[in-house]
file input17.cif (mmCIF, C-alpha atoms and all ligand atoms)
data_input
loop_
_atom_site.label_atom_id
_atom_site.label_comp_id
_atom_site.auth_asym_id
_atom_site.auth_seq_id
_atom_site.Cartn_x
_atom_site.Cartn_y
_atom_site.Cartn_z
CA MET P 1 -10.60 9.62 -12.86
CA ASN P 2 -7.14 8.68 -14.02
CA SER P 3 -6.28 5.88 -16.44
CA ASN P 4 -4.89 3.84 -13.59
CA GLN P 5 -8.32 3.64 -12.00
CA GLU P 6 -9.84 2.38 -15.18
CA SER P 7 -7.45 -0.52 -15.45
CA SER P 8 -8.27 -3.66 -13.53
CA GLU P 9 -4.66 -4.10 -12.38
CA VAL P 10 -4.80 -5.49 -8.89
CA ILE P 11 -2.45 -3.84 -6.45
CA CYS P 12 -3.60 -5.65 -3.31
CA GLU P 13 -4.08 -9.37 -4.00
CA VAL P 14 -5.59 -10.29 -0.64
CA CYS P 15 -7.93 -7.30 -0.81
CA LYS P 16 -9.11 -8.61 -4.17
CA ILE P 17 -9.85 -12.03 -2.65
CA GLN P 18 -11.92 -10.38 0.07
CA LEU P 19 -13.71 -8.19 -2.44
CA ASP P 20 -14.52 -11.21 -4.58
CA LYS P 21 -16.37 -12.53 -1.56
CA ILE P 22 -18.35 -9.31 -1.37
CA ALA P 23 -19.04 -9.56 -5.08
CA GLN P 24 -20.87 -12.84 -4.31
CA VAL P 25 -23.55 -10.83 -2.50
CA LYS P 26 -23.18 -7.29 -3.87
CA HIS P 27 -22.48 -6.36 -7.47
CA LEU P 28 -19.38 -4.20 -7.85
CA THR P 29 -18.50 -2.49 -11.13
CA ASN P 30 -14.97 -2.65 -12.52
CA LEU P 31 -14.39 0.95 -11.53
CA GLU P 32 -15.63 0.31 -7.99
CA LEU P 33 -13.33 -2.71 -7.77
CA ALA P 34 -10.43 -0.68 -9.12
CA VAL P 35 -10.97 2.05 -6.53
CA LEU P 36 -11.13 -0.53 -3.76
CA THR P 37 -8.23 -2.76 -4.78
CA GLN P 38 -5.65 0.00 -5.12
CA PRO P 39 -4.19 1.89 -2.19
CA LYS P 40 -4.12 5.64 -2.67
CA ARG P 41 -0.54 6.13 -1.47
CA VAL P 42 2.23 3.62 -0.78
CA LEU P 43 5.34 4.77 1.05
CA ASN P 44 8.26 2.40 1.28
CA ILE P 45 11.67 3.45 2.58
CA ASN P 46 14.78 2.16 4.34
CA ILE P 47 15.78 3.77 7.63
CA PRO P 48 19.47 3.71 8.56
CA LEU P 49 20.00 3.54 12.33
CA ILE P 50 23.28 4.02 14.12
CA MET P 51 23.22 1.31 16.77
CA ASP P 52 24.67 1.90 20.24
CA ASN P 53 27.88 0.11 19.19
CA GLY P 54 28.37 2.47 16.24
CA VAL P 55 27.36 -0.04 13.54
CA VAL P 56 24.74 1.17 11.05
CA LYS P 57 21.78 -1.10 10.37
CA ILE P 58 19.06 -0.59 7.78
CA PHE P 59 15.39 -1.11 8.67
CA PRO P 60 12.70 -1.24 5.94
CA ALA P 61 9.71 0.94 6.86
CA PHE P 62 6.26 1.30 5.34
CA ARG P 63 3.16 3.49 5.40
CA VAL P 64 0.16 2.69 3.23
CA GLN P 65 -2.72 5.17 3.02
CA TYR P 66 -5.36 2.98 1.50
CA ASN P 67 -8.55 4.99 1.16
CA ASP P 68 -9.28 8.53 2.35
CA ALA P 69 -12.71 9.14 0.82
CA ARG P 70 -14.34 9.34 4.27
CA GLY P 71 -11.68 11.43 6.01
CA PRO P 72 -8.02 11.54 7.04
CA THR P 73 -6.51 8.06 7.01
CA LYS P 74 -6.13 6.24 10.32
CA GLY P 75 -4.19 3.19 11.36
CA GLY P 76 -1.49 1.78 13.59
CA ILE P 77 2.25 1.34 13.20
CA ARG P 78 3.59 -2.14 13.95
CA PHE P 79 7.15 -3.14 14.69
CA HIS P 80 7.59 -6.73 13.56
CA ASP P 81 10.21 -8.98 12.05
CA HIS P 82 7.84 -10.50 9.49
CA ILE P 83 6.25 -7.36 8.12
CA ASN P 84 6.29 -6.66 4.37
CA LEU P 85 4.64 -4.19 2.02
CA ALA P 86 1.95 -6.58 0.75
CA HIS P 87 0.88 -7.28 4.31
CA VAL P 88 0.77 -3.61 5.26
CA LYS P 89 -1.45 -2.95 2.21
CA GLU P 90 -3.85 -5.64 3.34
CA LEU P 91 -3.96 -4.27 6.88
CA ALA P 92 -4.51 -0.73 5.55
CA PHE P 93 -7.40 -2.05 3.46
CA LEU P 94 -8.91 -3.62 6.59
CA MET P 95 -8.52 -0.31 8.46
CA SER P 96 -10.45 1.47 5.68
CA LEU P 97 -13.26 -1.06 6.05
CA LYS P 98 -13.16 -0.92 9.86
CA CYS P 99 -13.47 2.87 10.10
CA ALA P 100 -16.31 2.87 7.55
CA LEU P 101 -18.12 0.00 9.27
CA VAL P 102 -18.25 1.74 12.66
CA ASP P 103 -19.08 4.99 10.87
CA ILE P 104 -16.29 7.24 12.08
CA PRO P 105 -15.21 10.02 9.68
CA LEU P 106 -11.81 8.52 8.88
CA GLY P 107 -10.18 6.53 6.10
CA GLY P 108 -7.75 3.67 6.55
CA SER P 109 -3.99 3.26 6.65
CA LYS P 110 -1.31 1.13 8.28
CA GLY P 111 2.41 1.33 8.79
CA GLY P 112 5.32 -0.50 10.22
CA ILE P 113 9.00 -1.14 10.55
CA LYS P 114 10.58 -4.53 9.86
CA VAL P 115 12.31 -4.93 13.19
CA ASN P 116 12.21 -7.07 16.29
CA PRO P 117 12.03 -4.34 18.94
CA ARG P 118 13.21 -6.78 21.63
CA GLU P 119 16.62 -6.80 19.96
CA LEU P 120 17.03 -3.01 20.32
CA THR P 121 18.11 -1.04 23.36
CA LYS P 122 15.68 1.58 24.61
CA GLY P 123 17.79 4.35 23.08
CA GLU P 124 17.89 2.60 19.69
CA LEU P 125 14.12 2.05 19.82
CA GLN P 126 13.50 5.72 20.52
CA ARG P 127 15.84 6.87 17.71
CA LEU P 128 14.23 4.46 15.23
CA SER P 129 10.72 5.64 16.20
CA ARG P 130 11.71 9.28 15.75
CA SER P 131 13.32 8.48 12.37
CA TYR P 132 10.06 6.94 11.18
CA ILE P 133 8.28 10.25 11.79
CA ARG P 134 11.08 12.30 10.18
CA GLU P 135 10.90 10.16 7.04
CA PHE P 136 7.10 10.35 6.70
CA VAL P 137 6.47 13.79 8.17
CA ASP P 138 5.21 15.30 4.90
CA PHE P 139 2.47 12.71 4.61
CA ILE P 140 1.09 12.51 8.16
CA GLY P 141 -0.73 14.97 10.41
CA PRO P 142 -4.06 15.51 12.20
CA ASP P 143 -5.87 16.25 8.94
CA ARG P 144 -3.99 13.80 6.70
CA ASP P 145 -2.97 10.51 8.26
CA ILE P 146 -3.07 9.70 11.98
CA PRO P 147 -0.98 6.77 13.28
CA ALA P 148 -1.59 4.78 16.48
CA PRO P 149 -0.18 1.75 18.31
CA ASP P 150 -0.34 -1.73 16.78
CA LEU P 151 1.71 -4.91 17.37
CA ASN P 152 4.74 -4.16 19.60
CA THR P 153 4.17 -0.40 19.69
CA THR P 154 3.14 1.35 22.88
CA PRO P 155 1.87 4.67 24.30
CA GLU P 156 5.51 5.48 25.14
CA ILE P 157 6.51 5.11 21.47
CA MET P 158 3.52 7.28 20.44
CA GLY P 159 4.84 9.94 22.87
CA TRP P 160 8.30 9.94 21.20
CA MET P 161 6.67 10.14 17.77
CA LEU P 162 4.45 13.05 18.78
CA ASP P 163 7.44 14.89 20.21
CA GLU P 164 9.43 14.42 17.00
CA TYR P 165 6.53 15.63 14.86
CA GLU P 166 5.93 18.72 17.02
CA LYS P 167 9.64 19.61 17.00
CA ILE P 168 9.73 19.47 13.19
CA MET P 169 6.50 21.44 12.78
CA GLY P 170 7.39 23.97 15.47
CA LYS P 171 3.95 23.77 17.07
CA LYS P 172 1.80 21.51 19.24
CA ALA P 173 -0.31 19.00 17.29
CA PRO P 174 -1.51 16.25 19.65
CA GLY P 175 -4.09 15.05 17.10
CA MET P 176 -1.34 13.76 14.77
CA ILE P 177 -1.18 10.46 16.61
CA THR P 178 -3.42 8.51 19.02
CA GLY P 179 -2.83 6.00 21.80
CA LYS P 180 -0.60 8.57 23.54
CA PRO P 181 0.14 8.72 27.26
CA LEU P 182 -2.55 10.67 29.17
CA SER P 183 -0.12 13.47 30.14
CA ILE P 184 0.33 14.55 26.50
CA GLY P 185 -3.20 14.27 25.14
CA GLY P 186 -4.09 10.58 25.38
CA SER P 187 -7.71 9.56 26.02
CA LYS P 188 -8.94 7.92 29.17
CA GLY P 189 -10.01 4.35 28.38
CA ARG P 190 -7.85 4.02 25.20
CA VAL P 191 -5.51 1.39 26.71
CA TYR P 192 -8.26 -1.21 27.16
CA SER P 193 -10.66 0.04 24.46
CA THR P 194 -10.04 -2.82 21.98
CA SER P 195 -10.85 -5.35 24.71
CA LEU P 196 -13.89 -3.47 25.99
CA GLY P 197 -15.18 -3.11 22.43
CA GLY P 198 -14.68 -6.88 21.95
CA ALA P 199 -16.55 -7.61 25.17
CA PHE P 200 -19.42 -5.36 24.03
CA THR P 201 -19.49 -7.25 20.70
CA ILE P 202 -19.84 -10.60 22.49
CA ARG P 203 -22.58 -9.11 24.69
CA ASN P 204 -24.40 -7.62 21.69
CA TYR P 205 -24.30 -10.97 19.91
CA PHE P 206 -25.58 -12.88 22.95
CA ASN P 207 -28.37 -10.34 23.45
CA SER P 208 -29.37 -10.79 19.79
CA ILE P 209 -29.82 -14.54 20.28
CA SER P 210 -31.19 -14.18 23.85
CA LYS P 211 -28.33 -16.12 25.40
CA LYS P 212 -27.35 -15.34 28.98
CA GLU P 213 -23.76 -14.26 29.61
CA LYS P 214 -23.15 -15.56 33.12
CA GLY P 215 -21.09 -18.74 33.19
CA THR P 216 -20.37 -18.65 29.44
CA THR P 217 -17.03 -20.39 28.88
CA VAL P 218 -14.28 -18.50 27.05
CA ALA P 219 -10.77 -19.35 25.79
CA ILE P 220 -8.47 -16.47 24.89
CA GLN P 221 -5.34 -16.90 22.78
CA GLY P 222 -3.01 -13.99 23.53
CA PHE P 223 -2.06 -12.30 26.77
CA GLY P 224 -0.78 -8.95 25.49
CA ASN P 225 -2.65 -5.71 26.06
CA VAL P 226 -5.80 -6.94 24.29
CA GLY P 227 -6.03 -10.52 25.65
CA SER P 228 -5.23 -9.62 29.26
CA HIS P 229 -7.73 -6.75 29.43
CA LEU P 230 -10.40 -8.90 27.79
CA ALA P 231 -9.88 -11.64 30.40
CA LYS P 232 -10.22 -9.06 33.18
CA ILE P 233 -13.40 -7.52 31.75
CA LEU P 234 -15.15 -10.82 30.96
CA ASP P 235 -14.22 -12.22 34.38
CA GLU P 236 -15.74 -9.13 36.03
CA TRP P 237 -18.88 -9.56 33.90
CA GLY P 238 -19.38 -13.13 35.17
CA TYR P 239 -18.01 -15.13 32.23
CA THR P 240 -15.93 -18.22 32.98
CA VAL P 241 -12.51 -17.79 31.38
CA VAL P 242 -11.25 -21.39 31.20
CA ALA P 243 -8.04 -20.89 29.19
CA ILE P 244 -5.56 -18.21 28.23
CA SER P 245 -2.14 -18.28 26.59
CA ASP P 246 0.85 -16.16 25.63
CA SER P 247 3.51 -16.94 23.02
CA LYS P 248 5.17 -19.48 25.32
CA GLY P 249 1.99 -21.53 26.02
CA GLY P 250 -1.25 -21.50 27.96
CA VAL P 251 -3.09 -22.53 31.10
CA TYR P 252 -6.48 -24.22 31.47
CA LYS P 253 -9.00 -24.93 34.22
CA LYS P 254 -12.36 -26.46 33.43
CA SER P 255 -14.23 -24.64 36.22
CA GLY P 256 -12.60 -21.30 35.31
CA LEU P 257 -9.19 -19.73 35.92
CA ASP P 258 -8.60 -17.37 38.83
CA ILE P 259 -8.09 -14.35 36.55
CA LYS P 260 -7.33 -11.87 39.35
CA LYS P 261 -4.54 -14.12 40.60
CA LEU P 262 -3.24 -14.71 37.08
CA LEU P 263 -3.12 -10.99 36.32
CA ALA P 264 -1.43 -10.20 39.63
CA GLU P 265 1.26 -12.83 39.05
CA ALA P 266 1.74 -11.81 35.41
CA ASP P 267 2.16 -8.20 36.58
CA SER P 268 5.32 -9.25 38.36
CA GLY P 269 6.77 -10.35 35.00
CA LYS P 270 5.79 -14.03 34.91
CA LYS P 271 4.78 -15.80 31.68
CA VAL P 272 1.32 -17.39 31.80
CA GLN P 273 2.72 -20.89 32.38
CA GLU P 274 5.01 -19.67 35.17
CA THR P 275 2.01 -18.61 37.26
CA SER P 276 0.36 -20.90 39.80
CA VAL P 277 -2.96 -20.82 37.94
CA GLY P 278 -4.47 -23.78 36.02
CA GLU P 279 -2.81 -26.69 34.22
CA LYS P 280 -0.48 -26.23 31.24
CA ILE P 281 -1.78 -26.52 27.67
CA SER P 282 -0.23 -25.59 24.34
CA ASN P 283 -1.40 -22.72 22.18
CA GLY P 284 -2.69 -25.26 19.65
CA ASP P 285 -4.70 -27.15 22.30
CA LEU P 286 -6.31 -23.92 23.45
CA LEU P 287 -7.77 -23.29 20.00
CA GLU P 288 -9.31 -26.77 19.99
CA LEU P 289 -11.14 -26.49 23.34
CA ASP P 290 -14.89 -27.03 23.39
CA VAL P 291 -15.83 -23.58 24.71
CA ASP P 292 -18.77 -21.24 24.11
CA VAL P 293 -16.47 -18.45 22.86
CA LEU P 294 -13.02 -18.72 21.31
CA VAL P 295 -11.07 -15.45 21.08
CA PRO P 296 -7.90 -15.33 18.99
CA ALA P 297 -6.29 -12.12 20.32
CA ALA P 298 -2.69 -12.54 19.21
CA VAL P 299 -1.41 -12.82 15.64
CA GLU P 300 -2.66 -13.60 12.12
CA ASN P 301 -3.58 -16.91 10.50
CA VAL P 302 -3.61 -19.05 13.67
CA ILE P 303 -6.78 -20.79 12.50
CA ASN P 304 -6.04 -22.33 9.13
CA SER P 305 -6.46 -25.46 7.00
CA GLY P 306 -4.09 -27.28 9.38
CA ASN P 307 -6.40 -27.11 12.41
CA ILE P 308 -9.92 -26.25 11.18
CA GLU P 309 -11.19 -29.83 11.44
CA LYS P 310 -10.27 -29.86 15.13
CA ILE P 311 -11.94 -26.59 16.14
CA LYS P 312 -14.96 -27.39 18.34
CA THR P 313 -16.33 -24.00 19.33
CA LYS P 314 -19.38 -22.58 17.56
CA LEU P 315 -18.40 -18.91 18.09
CA ILE P 316 -15.10 -17.24 17.24
CA VAL P 317 -14.51 -13.57 18.06
CA GLU P 318 -11.57 -12.06 16.16
CA LEU P 319 -9.76 -9.63 18.43
CA ALA P 320 -6.51 -10.05 16.45
CA ASN P 321 -6.43 -8.73 12.89
CA GLY P 322 -6.94 -11.59 10.41
CA PRO P 323 -6.52 -14.62 12.73
CA ILE P 324 -8.58 -16.88 10.41
CA THR P 325 -7.33 -17.68 6.89
CA THR P 326 -9.70 -17.28 3.93
CA ASP P 327 -10.06 -21.02 3.33
CA ALA P 328 -10.76 -21.64 7.03
CA ASP P 329 -13.34 -18.87 6.90
CA ASP P 330 -15.14 -20.55 3.96
CA PHE P 331 -15.10 -23.86 5.83
CA PHE P 332 -16.66 -22.32 8.97
CA GLU P 333 -19.32 -20.55 6.95
CA LYS P 334 -20.48 -23.90 5.56
CA LYS P 335 -20.38 -25.46 9.05
CA ASN P 336 -22.41 -22.60 10.55
CA VAL P 337 -19.68 -21.63 12.98
CA VAL P 338 -20.38 -17.98 13.83
CA ILE P 339 -17.46 -15.60 13.37
CA LEU P 340 -17.60 -12.05 14.67
CA PRO P 341 -15.01 -10.54 12.30
CA ASP P 342 -12.02 -8.36 13.24
CA ILE P 343 -13.29 -5.20 11.58
CA LEU P 344 -16.30 -5.32 13.90
CA ALA P 345 -15.00 -7.08 17.03
CA ASN P 346 -11.68 -5.25 17.43
CA SER P 347 -12.87 -1.83 16.31
CA GLY P 348 -13.02 -0.52 19.91
CA GLY P 349 -9.38 0.56 19.61
CA VAL P 350 -9.83 2.80 16.61
CA ILE P 351 -13.17 4.11 17.89
CA VAL P 352 -11.52 5.40 21.07
CA SER P 353 -8.60 6.63 18.92
CA TYR P 354 -11.20 8.67 17.08
CA PHE P 355 -12.50 10.00 20.44
CA GLU P 356 -8.91 10.86 21.38
CA TRP P 357 -8.46 12.78 18.13
CA VAL P 358 -11.77 14.64 18.69
CA GLN P 359 -10.64 15.58 22.21
CA ASN P 360 -7.26 16.77 20.86
CA GLN P 361 -8.88 18.84 18.11
CA SER P 362 -11.24 20.53 20.58
CA ASN P 363 -8.72 20.62 23.46
CA TYR P 364 -11.43 19.43 25.85
CA TYR P 365 -11.05 16.11 27.63
CA TRP P 366 -13.71 13.61 28.66
CA GLU P 367 -14.11 11.46 31.76
CA GLU P 368 -13.48 7.72 31.44
CA GLU P 369 -17.19 6.94 31.94
CA GLU P 370 -18.13 9.19 29.05
CA VAL P 371 -15.56 7.54 26.77
CA ASN P 372 -16.82 4.06 27.65
CA GLN P 373 -20.50 4.99 27.27
CA LYS P 374 -19.85 6.44 23.83
CA LEU P 375 -17.82 3.34 22.88
CA GLU P 376 -20.75 1.13 23.94
CA MET P 377 -23.09 3.19 21.77
CA TYR P 378 -20.83 2.99 18.69
CA MET P 379 -20.30 -0.77 19.13
CA LYS P 380 -24.03 -1.41 19.50
CA ARG P 381 -24.95 0.69 16.50
CA ALA P 382 -22.40 -1.11 14.31
CA PHE P 383 -23.45 -4.53 15.58
CA ASP P 384 -27.17 -3.84 15.03
CA GLU P 385 -26.56 -2.58 11.49
CA VAL P 386 -24.42 -5.60 10.59
CA ASN P 387 -26.83 -8.03 12.23
CA LYS P 388 -29.79 -6.56 10.33
CA LEU P 389 -27.97 -6.87 7.01
CA LYS P 390 -26.83 -10.38 7.89
CA ASN P 391 -30.38 -11.50 8.68
CA GLU P 392 -31.84 -9.84 5.57
CA GLY P 393 -29.23 -11.38 3.26
CA GLU P 394 -28.77 -14.65 5.13
CA PHE P 395 -25.01 -14.43 4.93
CA SER P 396 -22.20 -14.38 7.46
CA PHE P 397 -21.31 -11.54 9.84
CA ARG P 398 -18.07 -11.10 7.87
CA LYS P 399 -19.82 -10.69 4.53
CA ALA P 400 -22.42 -8.36 6.06
CA SER P 401 -19.66 -6.26 7.66
CA TYR P 402 -17.70 -6.01 4.42
CA VAL P 403 -20.77 -5.16 2.36
CA LEU P 404 -21.78 -2.37 4.74
CA ALA P 405 -18.25 -0.94 4.94
CA VAL P 406 -17.72 -1.05 1.18
CA LYS P 407 -21.10 0.57 0.59
CA ARG P 408 -20.12 3.49 2.84
CA ILE P 409 -16.72 3.96 1.17
CA LEU P 410 -18.27 3.87 -2.30
CA GLN P 411 -20.95 6.35 -1.23
CA ALA P 412 -18.20 8.79 -0.21
CA GLU P 413 -16.35 8.21 -3.50
CA GLU P 414 -19.59 8.90 -5.36
CA ASP P 415 -20.33 12.04 -3.35
CA ARG P 416 -16.84 13.30 -4.24
CA GLY P 417 -17.58 12.67 -7.91
CA ILE P 418 -14.86 10.02 -8.23
CA ILE P 419 -17.36 7.31 -9.05
CA VAL P 420 -20.21 8.34 -11.28
CA LYS P 421 -23.32 6.18 -10.95
CA LYS P 422 -25.37 5.52 -14.08
CA LYS P 423 -28.82 7.02 -13.75
N1 LIG Y 501 -3.98 -0.80 15.56
C1 LIG Y 501 -5.36 -0.74 15.91
C2 LIG Y 501 -6.22 -1.44 14.87
O1 LIG Y 501 -5.74 -2.27 14.11
C3 LIG Y 501 -5.81 0.67 16.23
C4 LIG Y 501 -5.66 1.64 15.10
C5 LIG Y 501 -5.94 3.07 15.50
O2 LIG Y 501 -6.31 3.33 16.62
O3 LIG Y 501 -5.76 3.93 14.64
O4 LIG Y 501 -7.40 -1.25 14.81
#
call {"tool": "encode", "arguments": {"input": "input17.cif", "output": "structure tokens"}}
result
Amino acid sequence: MNSNQESSEVICEVCKIQLDKIAQVKHLTNLELAVLTQPKRVLNINIPLIMDNGVVKIFPAFRVQYNDARGPTKGGIRFHDHINLAHVKELAFLMSLKCALVDIPLGGSKGGIKVNPRELTKGELQRLSRSYIREFVDFIGPDRDIPAPDLNTTPEIMGWMLDEYEKIMGKKAPGMITGKPLSIGGSKGRVYSTSLGGAFTIRNYFNSISKKEKGTTVAIQGFGNVGSHLAKILDEWGYTVVAISDSKGGVYKKSGLDIKKLLAEADSGKKVQETSVGEKISNGDLLELDVDVLVPAAVENVINSGNIEKIKTKLIVELANGPITTDADDFFEKKNVVILPDILANSGGVIVSYFEWVQNQSNYYWEEEEVNQKLEMYMKRAFDEVNKLKNEGEFSFRKASYVLAVKRILQAEEDRGIIVKKK
């Protein structure tokens, strides 16, 4: 162990706050805390990009490989205007917990570029994506660190990144990135896997409390890849989706929205409120609806001290990463509002990324049904383990999920001889 690990210097503040919560129910030694609050590798660079008009612009870019005790690190790359290093560290920490919680043999990482991709031309976007890989090429790869899509990044971008990596390495290596198009090693089912995993989580929870699914009312904030696929799946399963929104606002219908119609109209490029479905509501109003299930599936911190008092639902399912602030989370825990946390509820994406990587490594590809059956099995196993721990300890799903994930990471650190347990 190096001297750095012995110090209690905190490198990831938010991670420390989360770990303090775990410490309320599970004792962690200083060394364990030090291992968990410090990312293993932090990469932080500036990428110069020659824009189409010849002007050079600089874009800050990040990759944080948080913990690799359980395997190569895994996590998405996001393109967002508001990204910063501290935030990427926190997201990489959450990826480490997520992969451990669902028991896939991978560590956690996250990356991103501080950019609004909508302000770039397609050519600029492709050149920037390729530059990201060129800058980080020595640190990524199928057995080191495996990126994937995240906010504002797509299968198309993953394809460009794979191509850049393979050109530099001079060989094919489809397992270096996941969420790729099917033609170059993507997995069937990956596009909607986060949503299907979320739907399975809701089902698993309802089964555990013997509640029937049919007619259950749902409000979904977010109509990107995750929110739209979730609406489609839950509608097909007989849930009543009463509200949905995108960044411009939402629509609502008490008896249930016509989701097929909404999706068809949105396919032709319309914003949610431009469709002929439901009556208009704001994003804020959607969060305050009295529904059986509230699903924040867009961005972080949308449920916070400013609106907690007005939230009426008794079940929140986090399909976005970190949509509930820490103080709001404490408030809900006291009020017995059930929260199915992000590292459990939105883990379907990284689980199918793992399947994609396995398929790439073995060069043998599975049918969609097989992918979805395996996803169902992984989601159920993780839910059952968390639920058991939650019931034994009488604490929240979030605490139970964190405790289980941390336990698995620390076990791997111990088995590697990094942490030595006193006999
Ligand atoms: N970006 C997704 C997440 O936050 C997927 C990551 C992956 O597939 O590696 O879980």
call {"tool": "closest_residue", "arguments": {"input": "input17.cif", "among": "P:Val352, P:Val88, P:Ala382, P:Ala412", "to": "ligand LIG 501 (chain Y)", "atoms": "all atoms listed in the file"}}
result
P:Val352
call {"tool": "residues_around", "arguments": {"input": "input17.cif", "residues": "Ile259 (chain P)", "least_positions_apart": "5", "cutoff": "10 Å", "atoms": "only C-alpha atoms", "output": "list in words"}}
result
Ser228, Ala231, Lys232, Ile233, Leu234, Asp235, Glu236, Thr240, Val241, Val242, Ala243, Ile244, Ala264, Glu265 and Val277 of chain P
call {"tool": "residues_around", "arguments": {"input": "input17.cif", "residues": "Asp246 (chain P)", "least_positions_apart": "5", "cutoff": "7 Å", "atoms": "only C-alpha atoms", "output": "PyMOL selection string"}}
result
chain P and resi 221-223+272
call {"tool": "write_last_selection", "arguments": {"input": "input17.cif", "atoms": "C-alpha atoms", "output": "mmCIF file, in the coordinates of the input"}}
result
data_model
loop_
_atom_site.group_PDB
_atom_site.id
_atom_site.type_symbol
_atom_site.label_atom_id
_atom_site.label_comp_id
_atom_site.auth_asym_id
_atom_site.auth_seq_id
_atom_site.Cartn_x
_atom_site.Cartn_y
_atom_site.Cartn_z
ATOM 1 C CA GLN P 221 -5.340 -16.900 22.780
ATOM 2 C CA GLY P 222 -3.010 -13.990 23.530
ATOM 3 C CA PHE P 223 -2.060 -12.300 26.770
ATOM 4 C CA VAL P 272 1.320 -17.390 31.800
#
call {"tool": "closest_atom_pairs", "arguments": {"input": "input17.cif", "of": "chain P", "to": "ligand LIG 501 (chain Y)", "cutoff": "6 Å", "atoms": "all atoms listed in the file", "output": "Markdown table"}}
result
| residue | atom | partner | partner_atom | distance |
| --- | --- | --- | --- | --- |
| P:Lys74 | CA | Y:LIG501 | O3 | 4.9 |
| P:Gly75 | CA | Y:LIG501 | O3 | 3.7 |
| P:Gly76 | CA | Y:LIG501 | N1 | 4.1 |
| P:Pro147 | CA | Y:LIG501 | O3 | 5.7 |
| P:Ala148 | CA | Y:LIG501 | O3 | 4.6 |
| P:Pro149 | CA | Y:LIG501 | N1 | 5.3 |
| P:Asp150 | CA | Y:LIG501 | N1 | 4.0 |
| P:Ser347 | CA | Y:LIG501 | O4 | 5.7 |
| P:Gly349 | CA | Y:LIG501 | C3 | 4.9 |
| P:Val350 | CA | Y:LIG501 | O2 | 3.6 |
| P:Ser353 | CA | Y:LIG501 | O2 | 4.6 |
call {"tool": "residues_around", "arguments": {"input": "input17.cif", "residues": "Leu94 (chain P)", "least_positions_apart": "3", "cutoff": "8 Å", "atoms": "only C-alpha atoms", "output": "tab-separated table (two decimals) with C-alpha atoms, keeping the file's coordinate frame"}}
result
chain	number	residue	atom	x	y	z
P	90	GLU	CA	-3.85	-5.64	3.34
P	91	LEU	CA	-3.96	-4.27	6.88
P	97	LEU	CA	-13.26	-1.06	6.05
P	98	LYS	CA	-13.16	-0.92	9.86
P	108	GLY	CA	-7.75	3.67	6.55
P	343	ILE	CA	-13.29	-5.20	11.58
call {"tool": "atom_distance", "arguments": {"input": "input17.cif", "atom1": "CA of Ala266 (chain P)", "atom2": "CA of Pro296 (chain P)"}}
result
19.4 Å
call {"tool": "residues_around", "arguments": {"input": "input17.cif", "residues": "Gly249 (chain P)", "least_positions_apart": "4", "cutoff": "7 Å", "atoms": "all atoms listed in the file", "output": "list of chain:residue names"}}
result
P:Ser245, P:Gln273, P:Ile281, P:Ser282, P:Asn283
call {"tool": "axis_aligned_box", "arguments": {"input": "input17.cif", "around": "region 281-290 of chain P", "padding_each_side": "5 Å", "output": "AutoDock Vina command-line options"}}
result
--center_x -7.6 --center_y -24.9 --center_z 23.7 --size_x 24.7 --size_y 14.4 --size_z 18.0
call {"tool": "closest_residue", "arguments": {"input": "input17.cif", "among": "P:Ile45, P:Val191, P:Leu389, P:Ala345", "to": "His229 (chain P)", "atoms": "all atoms listed in the file"}}
result
P:Val191
call {"tool": "residues_around", "arguments": {"input": "input17.cif", "residues": "Trp357 (chain P)", "least_positions_apart": "5", "cutoff": "10 Å", "atoms": "all atoms listed in the file", "output": "number ranges by chain"}}
result
P: 142, 146, 174-179, 185-187, 351-352, 362-363
call {"tool": "closest_residue", "arguments": {"input": "input17.cif", "among": "P:Thr326, P:Asn44, P:Ser193, P:Thr217", "to": "Asp292 (chain P)", "atoms": "only C-alpha atoms"}}
result
P:Thr217
call {"tool": "closest_residue", "arguments": {"input": "input17.cif", "among": "P:Phe93, P:Tyr252, P:Phe139, P:Tyr354", "to": "Leu106 (chain P)", "atoms": "only C-alpha atoms"}}
result
P:Tyr354
call {"tool": "atom_distance", "arguments": {"input": "input17.cif", "atom1": "CA of Val291 (chain P)", "atom2": "CA of Thr216 (chain P)"}}
result
8.2 Å
